[in-house]
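Shown next: query-v2.csv, containing CSV, C-alpha atoms and all ligand atoms.
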```
chain,number,residue,atom,x,y,z
A,1,MET,CA,25.7,-5.3,-16.8
A,2,SER,CA,23.1,-2.5,-16.7
A,3,ARG,CA,20.1,-2.1,-18.8
A,4,THR,CA,18.0,1.0,-19.3
A,5,LEU,CA,14.5,0.7,-20.5
A,6,ALA,CA,13.3,3.6,-22.6
A,7,SER,CA,9.7,3.5,-21.4
A,8,GLY,CA,10.4,5.0,-18.0
A,9,LYS,CA,8.1,2.4,-16.6
A,10,VAL,CA,11.1,0.3,-15.4
A,11,SER,CA,10.5,0.8,-11.8
A,12,THR,CA,6.7,0.3,-11.5
A,13,ALA,CA,6.7,-3.4,-11.1
A,14,MET,CA,9.8,-3.3,-8.9
A,15,THR,CA,8.3,-0.5,-6.8
A,16,ILE,CA,5.2,-2.6,-6.2
A,17,ALA,CA,7.1,-5.7,-5.3
A,18,ASN,CA,9.4,-3.6,-3.1
A,19,ALA,CA,6.5,-1.9,-1.3
A,20,ARG,CA,4.8,-5.3,-0.7
A,21,GLN,CA,8.0,-6.7,0.7
A,22,ARG,CA,8.4,-3.8,3.0
A,23,ALA,CA,4.7,-3.9,4.1
A,24,ILE,CA,5.2,-7.6,5.1
A,25,ALA,CA,8.7,-7.1,6.6
A,26,GLU,CA,7.5,-4.1,8.7
A,27,GLY,CA,4.3,-5.8,9.7
A,28,ILE,CA,2.0,-3.0,8.5
A,29,GLU,CA,-1.6,-3.6,9.6
A,30,VAL,CA,-4.7,-2.1,8.0
A,31,ARG,CA,-8.1,-1.6,9.6
A,32,GLN,CA,-11.3,-0.1,8.2
A,33,VAL,CA,-12.9,2.8,9.8
A,34,ASP,CA,-16.2,1.3,10.5
A,35,GLY,CA,-18.9,2.3,7.9
A,36,SER,CA,-16.6,4.4,5.8
A,37,SER,CA,-14.3,4.2,2.8
A,38,LEU,CA,-11.3,5.1,5.0
A,39,TRP,CA,-8.8,2.6,6.2
A,40,ILE,CA,-6.0,3.2,8.7
A,41,ALA,CA,-2.6,1.7,8.0
A,42,SER,CA,-0.1,1.5,10.8
A,43,SER,CA,3.3,3.0,10.3
A,44,GLY,CA,6.0,0.4,9.7
A,45,THR,CA,8.6,2.6,11.3
A,46,ASP,CA,6.9,4.6,14.1
A,47,PRO,CA,4.6,2.6,16.4
A,48,GLN,CA,2.8,5.9,17.4
A,49,LYS,CA,1.8,6.7,13.9
A,50,ALA,CA,-0.8,5.7,11.4
A,51,TYR,CA,-1.9,6.8,7.9
A,52,VAL,CA,-5.2,7.1,6.3
A,53,LEU,CA,-6.0,5.3,3.1
A,54,ASN,CA,-9.0,6.5,1.0
A,55,ILE,CA,-10.6,3.6,-0.8
A,56,ILE,CA,-12.7,4.4,-3.9
A,57,GLY,CA,-14.3,1.8,-6.1
A,58,GLY,CA,-12.3,-1.0,-4.4
A,59,ASN,CA,-9.0,0.7,-5.0
A,60,VAL,CA,-6.6,2.9,-3.0
A,61,LYS,CA,-7.2,6.4,-4.1
A,62,ASN,CA,-4.6,7.9,-1.9
A,63,CYS,CA,-2.6,7.6,1.3
A,64,THR,CA,-1.7,10.4,3.7
A,65,CYS,CA,1.9,9.3,4.0
A,66,ARG,CA,4.6,11.4,2.3
A,67,ALA,CA,5.0,9.0,-0.6
A,68,GLY,CA,1.3,8.4,-1.0
A,69,GLU,CA,0.4,12.1,-1.1
A,70,PHE,CA,2.0,12.3,-4.5
A,71,GLY,CA,0.3,9.2,-5.7
A,72,ALA,CA,3.3,6.9,-5.2
A,73,TYR,CA,2.7,3.2,-4.6
A,74,CYS,CA,3.5,3.2,-0.9
A,75,LYS,CA,3.9,0.3,1.5
A,76,HIS,CA,0.5,1.2,3.1
A,77,ARG,CA,-1.2,0.7,-0.2
A,78,ALA,CA,0.7,-2.5,-0.6
A,79,ALA,CA,-0.4,-3.7,2.9
A,80,TRP,CA,-4.1,-2.8,2.0
A,81,GLU,CA,-3.9,-4.7,-1.3
A,82,LEU,CA,-2.3,-7.7,0.4
A,83,ALA,CA,-5.0,-7.7,3.0
A,84,ARG,CA,-7.7,-7.5,0.3
A,85,GLU,CA,-6.1,-10.4,-1.5
A,86,ALA,CA,-6.1,-12.4,1.7
A,87,ARG,CA,-9.8,-11.6,2.2
A,88,GLU,CA,-10.6,-12.7,-1.3
A,89,GLU,CA,-8.8,-15.9,-0.9
A,90,SER,CA,-10.6,-16.7,2.3
A,91,ASN,CA,-13.9,-16.0,0.6
A,92,VAL,CA,-13.3,-18.6,-2.1
A,101,ZN,ZN,1.3,5.4,2.5
```
Can I see the file as structure tokens?
Amino acid sequence: MSRTLASGKVSTAMTIANARQRAIAEGIEVRQVDGSSLWIASSGTDPQKAYVLNIIGGNVKNCTCRAGEFGAYCKHRAAWELAREAREESNV
């Protein structure tokens, strides 16, 4: 059985869940560039590569990976948000 939602927002929640799963499965790590709003996210697929996340107002503004350049919810963004949630939990 297949179901199509008219809103076109079908995939948003799934995309986020999927990106988070991949971030965890691929072991993507994020590090802040000291004293800046920039974070580096390791590539899940290429150990030689990393991408830059620009954090504005506590949210990921963009990522330099192919998906992130177009504003997609990429796995690097997912990794950053997971790390932020972990920090928030450890601060409680
Ligand atoms: Zn990315």
Query raised in the report: Quick one: of A:Val30, A:Ala41, A:Ile24, A:Ile55, who's nearest to ligand ZN 101 (chain A), counting all atoms listed in the file?
Result: A:Ala41
Query raised in the report: Residues at most 7 Å from ligand ZN 101 (chain A), using only C-alpha atoms and all ligand atoms? Could they come as a ChimeraX atom specification?
Result: /A:51,63-68,74-77
Query raised in the report: Between CA of Lys49 in chain A and CA of Trp80 in chain A, what is the distance, to one decimal in Å?
Result: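 Calculated distance between CA of Lys49 in chain A and CA of Trp80 in chain A is 16.3 Å.
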Requested in this report: Find the residues around Thr45 in chain A up to 10 Å (all atoms listed in the file counted), leave out those fewer than 6 positions away in its own chain, and share them as an MDAnalysis selection string.
Outcome: chainID A and resid 26:28
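By chain and then residue number, the residues within 10 Å of Glu81 in chain A are Arg20, Val30, Gly58, Asn59, Val60, Lys75 and Arg87 of chain A, counting all atoms listed in the file and disregarding those fewer than 6 positions away in sequence.
Among the candidates A:Val33, A:Val52, A:Ala83, A:Ile16, the residue lying nearest to Glu69 in chain A is A:Val52 (atoms considered: all atoms listed in the file).
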**Report entry** Residue nearest Glu29 in chain A - candidates A:Met14, A:Ala50, A:Glu85, A:Val92, atoms counted: only C-alpha atoms
**Finding:** A:Ala50
**Report entry** Between CA of Ala78 in chain A and CA of Ala17 in chain A - distance in Å to one decimal
**Finding:** 8.6 Å
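Closest approach to Asn62 in chain A among A:Ser37, A:Gln21, A:Gln32, A:Ser90: A:Ser37, based on only C-alpha atoms.
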Query - Option closest in space to Ile56 in chain A, from A:Ser36, A:Asn18, A:Ser43, A:Thr12 [counting only C-alpha atoms] - result: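 Once distances to Ile56 in chain A are computed over only C-alpha atoms, the minimum belongs to A:Ser36.
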Export range 61-82 of chain A from the structure block above, keeping N, CA and C atoms, as a PDB file, in the first residue's frame.
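Below you can see result-v4.pdb, which holds the result:
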```
ATOM      1  N   LYS A  61      23.265  27.242   9.580  1.00  0.00           N
ATOM      2  CA  LYS A  61      22.844  28.091   8.467  1.00  0.00           C
ATOM      3  C   LYS A  61      23.082  27.359   7.140  1.00  0.00           C
ATOM      4  N   ASN A  62      24.254  26.808   7.004  1.00  0.00           N
ATOM      5  CA  ASN A  62      24.513  26.011   5.813  1.00  0.00           C
ATOM      6  C   ASN A  62      25.710  25.106   6.037  1.00  0.00           C
ATOM      7  N   CYS A  63      25.904  24.218   5.100  1.00  0.00           N
ATOM      8  CA  CYS A  63      27.003  23.266   5.134  1.00  0.00           C
ATOM      9  C   CYS A  63      27.627  23.273   3.750  1.00  0.00           C
ATOM     10  N   THR A  64      28.921  23.041   3.682  1.00  0.00           N
ATOM     11  CA  THR A  64      29.585  23.128   2.381  1.00  0.00           C
ATOM     12  C   THR A  64      29.521  21.830   1.584  1.00  0.00           C
ATOM     13  N   CYS A  65      28.849  20.824   2.102  1.00  0.00           N
ATOM     14  CA  CYS A  65      28.716  19.600   1.308  1.00  0.00           C
ATOM     15  C   CYS A  65      27.707  19.815   0.184  1.00  0.00           C
ATOM     16  N   ARG A  66      27.687  18.886  -0.732  1.00  0.00           N
ATOM     17  CA  ARG A  66      26.859  19.048  -1.930  1.00  0.00           C
ATOM     18  C   ARG A  66      25.381  19.221  -1.583  1.00  0.00           C
ATOM     19  N   ALA A  67      24.903  18.435  -0.647  1.00  0.00           N
ATOM     20  CA  ALA A  67      23.490  18.535  -0.260  1.00  0.00           C
ATOM     21  C   ALA A  67      23.239  19.838   0.500  1.00  0.00           C
ATOM     22  N   GLY A  68      24.160  20.144   1.422  1.00  0.00           N
ATOM     23  CA  GLY A  68      23.974  21.302   2.286  1.00  0.00           C
ATOM     24  C   GLY A  68      24.011  22.620   1.539  1.00  0.00           C
ATOM     25  N   GLU A  69      24.762  22.667   0.456  1.00  0.00           N
ATOM     26  CA  GLU A  69      24.850  23.898  -0.335  1.00  0.00           C
ATOM     27  C   GLU A  69      23.487  24.362  -0.807  1.00  0.00           C
ATOM     28  N   PHE A  70      22.609  23.411  -1.008  1.00  0.00           N
ATOM     29  CA  PHE A  70      21.272  23.756  -1.489  1.00  0.00           C
ATOM     30  C   PHE A  70      20.271  23.797  -0.351  1.00  0.00           C
ATOM     31  N   GLY A  71      20.781  23.817   0.859  1.00  0.00           N
ATOM     32  CA  GLY A  71      19.899  23.970   2.013  1.00  0.00           C
ATOM     33  C   GLY A  71      19.259  22.682   2.479  1.00  0.00           C
ATOM     34  N   ALA A  72      19.709  21.562   1.939  1.00  0.00           N
ATOM     35  CA  ALA A  72      19.137  20.290   2.363  1.00  0.00           C
ATOM     36  C   ALA A  72      19.594  19.955   3.784  1.00  0.00           C
ATOM     37  N   TYR A  73      18.813  19.131   4.434  1.00  0.00           N
ATOM     38  CA  TYR A  73      19.177  18.682   5.774  1.00  0.00           C
ATOM     39  C   TYR A  73      20.170  17.539   5.620  1.00  0.00           C
ATOM     40  N   CYS A  74      21.446  17.876   5.652  1.00  0.00           N
ATOM     41  CA  CYS A  74      22.470  16.860   5.396  1.00  0.00           C
ATOM     42  C   CYS A  74      22.879  16.167   6.695  1.00  0.00           C
ATOM     43  N   LYS A  75      23.666  15.112   6.548  1.00  0.00           N
ATOM     44  CA  LYS A  75      24.050  14.327   7.725  1.00  0.00           C
ATOM     45  C   LYS A  75      25.028  15.082   8.626  1.00  0.00           C
ATOM     46  N   HIS A  76      25.714  16.076   8.058  1.00  0.00           N
ATOM     47  CA  HIS A  76      26.626  16.888   8.879  1.00  0.00           C
ATOM     48  C   HIS A  76      25.825  17.776   9.817  1.00  0.00           C
ATOM     49  N   ARG A  77      24.755  18.343   9.260  1.00  0.00           N
ATOM     50  CA  ARG A  77      23.870  19.138  10.086  1.00  0.00           C
ATOM     51  C   ARG A  77      23.261  18.248  11.176  1.00  0.00           C
ATOM     52  N   ALA A  78      22.876  17.056  10.791  1.00  0.00           N
ATOM     53  CA  ALA A  78      22.310  16.114  11.762  1.00  0.00           C
ATOM     54  C   ALA A  78      23.321  15.827  12.865  1.00  0.00           C
ATOM     55  N   ALA A  79      24.582  15.617  12.472  1.00  0.00           N
ATOM     56  CA  ALA A  79      25.625  15.315  13.457  1.00  0.00           C
ATOM     57  C   ALA A  79      25.807  16.491  14.411  1.00  0.00           C
ATOM     58  N   TRP A  80      25.758  17.712  13.863  1.00  0.00           N
ATOM     59  CA  TRP A  80      25.924  18.904  14.706  1.00  0.00           C
ATOM     60  C   TRP A  80      24.764  19.003  15.696  1.00  0.00           C
ATOM     61  N   GLU A  81      23.556  18.777  15.226  1.00  0.00           N
ATOM     62  CA  GLU A  81      22.397  18.877  16.113  1.00  0.00           C
ATOM     63  C   GLU A  81      22.419  17.792  17.179  1.00  0.00           C
ATOM     64  N   LEU A  82      22.844  16.604  16.793  1.00  0.00           N
ATOM     65  CA  LEU A  82      22.953  15.524  17.780  1.00  0.00           C
ATOM     66  C   LEU A  82      23.980  15.890  18.849  1.00  0.00           C
TER      67      LEU A  82
END
```
